[in-house]
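Peer 1: The structure is given below, and queries will be raised subsequently.
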Amino acid sequence: MFKKILIANRGEIACRIIRTAHRMGIATVAVYSDADAEALHVQMADEAIRIGPAPSAESYLDIERIVEACRESGAEAIHPGYGFLSENPYFARALAKAGVTFIGPPADAIAAMGDKIESKKLARAAGVSSVPGHLDVVPDADTAVAIARDIGFPVMIKASAGGGGKGMRIAASDDEVRDGFRAAASEAKSSFADDRIFIEKYIEQPRHIEIQVLGDSHGNIVYLGERECSIQRRHQKVIEEAPSPFLDPETRKAMGRQAVSLARAVDYRSAGTVEFIVDQQRNFYFLEMNTRLQVEHPVTELVTGLDLVELMIRVAAGEALPFAQKDVELSGWAIEARIYAEDPARNFLPSIGRLVRYRPPNGEGVRLDAGVFEGAEISVYYDPLIAKLIVSGPDRETAIDRLSGALDEFYVAGVQHNIPFLAAAAAKPRFRAGMLSTNFIAEEFPGGFAPPSGFVEADRVILLAAALANRRLRERETAIDGKLAGARNEMPEGHTVLLDGRRYPVALKPEGGAYRVEIEGESRVATTDWQPGQPLLHACVEQHVTTVQIERLPGAAFRLMHSGVVRRAQVLSPRAAELLALMPEKQAPDTSRLLLSPMPGLLSSIVVEEGQEVKAGEPLAIVEAMKMENVLRAERDGRVARIRANPGDSLAVDQVILEFE
């Protein structure tokens, strides 16, 4: 067994690998860029080596520098985690040349599966079901249109070297094919230095289900069940679970056997994942093979009881797998939700900044894989993942309940984040019923993510929490105002609560150490020990414990979140409610003539000129953030009056790019 390994990665996956290595008695070496000098993985490792400036191309993607760090530290092996160099065959070969063990598959297997076109040809040869498509490189947009017409719309335009949702577009018309071809090729070139494109049939209402495989150098290859990864946004996974609520034992076995056949065809060793698209009749088609550890691997670990990182290390050290296929059993259910620094209300655009407060949940069946801490910074240079929240239970219902409760208790301040969105997705009846597809988010949130316009069940809990919080504040004020006992300020029992501007009468009355709260004609007894300044309000309502995130705002108001519903609440006395009714409403500033940057990022290009007439829907500028291209389009017809930013500029949120006449 190795005495020391280097982790060629950062963030939560580096921390996760370090934990297993330490449990195995293996010393660890972290590498870091200037942006990560104080990162958690640097603090956790036994030693750390700087490998370059913040941009990943000059640090985490610098093969020569990482090999040099290995020599400096004396590490015998390198674990690449996921992303960065994990699927780079040149990296694996460079390590072999330097006499360092790569904790991953052989370089030839990485190369074979890393090329989307060649991997599909190999899969067909190995007898694996494949999606109909054109598996040769598409040279230009006109050819792409002709191929798409031949296959039949809709089609998927994909980068041969793509991954993580980059270099992928769905097209349902000639124009969409042309736009998608350009965007996919450009994105793939900037992300992978490879702009080769191919096209295949897009399966309607598909489910994304993947099989975890594991092989050793003694000829043993097994599959460890499946993961359902259908809930995706922009082709990136958001919520994953194991097992799938859709597969039956026969389909699981057939998919597993085909995954093993493909792995055997490329002499696969280590952990890997074979991804499939599954239609509504349980027909499955090979999508791609990821020759690395997956982000969502913890759900497999929780239902199999195996540590995949440990098994990868042992296989790399030459050990045989300690079990056979017949020994693999799935028990219970596990669900993972990815917590990202992004703004769901602004089309999930990335958010950067410092984690001013960070309070992750805990409890039975809750696991957290994170690479941050309170005070850590989310940088513009890397993926905006904050943490992975993984829950488990004896069945799917229990796991969903634990996921919902944990999301309500996961408090993050300082950056925008997707916790409310994840909670809202988990609260959808369709999610609980297991009726999933890769269109889930588009269909359940057709207008994007926003607070529900009408009164929903979560509002009842939010109103109760606002009333309780207001009461606790008033009690605290009367307890410290210096008055003698018996001379306390009177607190009216009846209030008006403004919930996002809508008025609701709420009555609250102390009752034997608890409070009787009346909302919308329903009376319930509640207790809480909430103190001002705490980010979570725990209330016991009729013997049921519930949690609401709460944040005080100016003007005696609160921001509250429960089950994915975020509201601004203001509790008013009867007199204050009367006065507020006389106040004029504040009007938002008119920004209709301005093109604002919706996110922090780099202004890649401006595709219009001053004085140019534009039509609604035409592209105006391209902003790059987290290596993803975002095309900003005109919302109406108009003439460009002035361009106020230049290509290459770093943009802040809402910075003006151009203005119209």
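As shown in the structure tokens, the chain order sets the letters A, B, ...; within each chain, residues go from 1, and ligands are also counted from 1 in the order they appear.
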Report as a ChimeraX atom specification: the residues of range 82-232 of chain A with a DSSP assignment of strand (DSSP E), based on the backbone of this structure.
Peer 2: /A:101-102,133-134,155-163,166-171,197-201,207-215,221-232
Peer 1: Residues of range 126-240 of chain A that approach range 254-274 of chain A to 9 Å or less, counting only C-alpha atoms: could you list each one with the shortest pair of atoms and its distance in Å to one decimal, rows by chain and increasing residue number, as a Markdown table?
Peer 2:
| residue | atom | partner | partner_atom | distance |
| --- | --- | --- | --- | --- |
| A:Ala126 | CA | A:Leu262 | CA | 5.9 |
| A:Gly127 | CA | A:Gln258 | CA | 7.4 |
| A:Val128 | CA | A:Gln258 | CA | 5.6 |
| A:Ser129 | CA | A:Gln258 | CA | 8.1 |
| A:Ile209 | CA | A:Val274 | CA | 8.9 |
| A:Glu210 | CA | A:Val274 | CA | 5.6 |
| A:Ile211 | CA | A:Val274 | CA | 5.2 |
| A:Gln212 | CA | A:Thr273 | CA | 4.7 |
| A:Val213 | CA | A:Gly272 | CA | 5.3 |
| A:Leu214 | CA | A:Ala271 | CA | 4.5 |
| A:Gly215 | CA | A:Arg269 | CA | 4.3 |
| A:Asp216 | CA | A:Arg269 | CA | 4.8 |
| A:Ser217 | CA | A:Arg269 | CA | 6.1 |
| A:Gly219 | CA | A:Asp267 | CA | 8.2 |
| A:Asn220 | CA | A:Arg269 | CA | 8.7 |
| A:Ile221 | CA | A:Val260 | CA | 6.4 |
| A:Val222 | CA | A:Val260 | CA | 6.5 |
| A:Tyr223 | CA | A:Gly256 | CA | 5.7 |
| A:Leu224 | CA | A:Gly256 | CA | 8.1 |
| A:Gly225 | CA | A:Gly256 | CA | 7.1 |
| A:Glu226 | CA | A:Gly256 | CA | 8.1 |
Peer 1: Looking only at the backbone, which of the residues in range 305-455 of chain A does DSSP tag as alpha helix (DSSP H), as a ChimeraX atom specification?
Peer 2: /A:308-316,396-409,419-426,429-432,440-444
Peer 1: Would you pick out the contacts of Gly25 in chain A at 10 Å or less, using only C-alpha atoms, so that residues sharing its chain but fewer than 5 positions from it are not included, and give the list as number ranges by chain?
Peer 2: A: 1-4, 20
Peer 1: Would you save the residues of that selection, restricted to N, CA, C and O atoms, as an mmCIF file, in the first residue's frame?
Peer 2:
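What landed in again.cif:
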data_model
loop_
_atom_site.group_PDB
_atom_site.id
_atom_site.type_symbol
_atom_site.label_atom_id
_atom_site.label_comp_id
_atom_site.auth_asym_id
_atom_site.auth_seq_id
_atom_site.Cartn_x
_atom_site.Cartn_y
_atom_site.Cartn_z
ATOM 1 N N MET A 1 0.843 -1.196 0.000
ATOM 2 C CA MET A 1 0.000 0.000 0.000
ATOM 3 C C MET A 1 0.881 1.251 0.000
ATOM 4 O O MET A 1 1.975 1.263 0.556
ATOM 5 N N PHE A 2 0.358 2.297 -0.661
ATOM 6 C CA PHE A 2 1.111 3.555 -0.739
ATOM 7 C C PHE A 2 1.283 4.163 0.654
ATOM 8 O O PHE A 2 0.411 4.051 1.513
ATOM 9 N N LYS A 3 2.400 4.827 0.833
ATOM 10 C CA LYS A 3 2.623 5.563 2.079
ATOM 11 C C LYS A 3 2.173 7.018 1.957
ATOM 12 O O LYS A 3 1.799 7.646 2.933
ATOM 13 N N LYS A 4 2.212 7.549 0.733
ATOM 14 C CA LYS A 4 1.846 8.959 0.537
ATOM 15 C C LYS A 4 1.248 9.126 -0.858
ATOM 16 O O LYS A 4 1.793 8.625 -1.850
ATOM 17 N N THR A 20 -10.542 9.614 3.375
ATOM 18 C CA THR A 20 -10.365 8.166 3.215
ATOM 19 C C THR A 20 -8.893 7.778 3.329
ATOM 20 O O THR A 20 -8.549 6.776 3.974
#
Peer 1: Go through A:Ile462, A:Ile550, A:Ile390, A:Ala634 and flag the residue nearest Trp333 in chain A, using only C-alpha atoms for the distances.
Peer 2: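 Nearest to Trp333 in chain A: A:Ile390.
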Peer 1: Could you tell me how far CA of Leu553 in chain A lies from CA of Asp500 in chain A, in Å and to one decimal?
Peer 2: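 These two atoms are separated by 13.2 Å.
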Peer 1: Enter the distance from CA of Asp383 in chain A to CA of Ile352 in chain A, in Å, rounded to one decimal.
Peer 2: 10.4 Å
Peer 1: Which of these, A:Tyr285, A:Phe373, A:Phe181, A:Phe660, has the shortest distance to His41 in chain A once you count only C-alpha atoms?
Peer 2: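 Closest to His41 in chain A, using only C-alpha atoms: A:Phe373.
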Peer 1: For each of A:Gln236, A:Asn290, A:Thr101, A:Ser230, take the minimum atom-to-atom distance to Gly165 in chain A, counting only C-alpha atoms, then give the residue where this is smallest.
Peer 2: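 Ranked by minimum distance to Gly165 in chain A, first place goes to A:Gln236.
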Peer 1: Quote the spacing between CA of Ile386 in chain A and CA of Asp654 in chain A in Å to one decimal place.
Peer 2: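 Separation between CA of Ile386 in chain A and CA of Asp654 in chain A: 23.2 Å.
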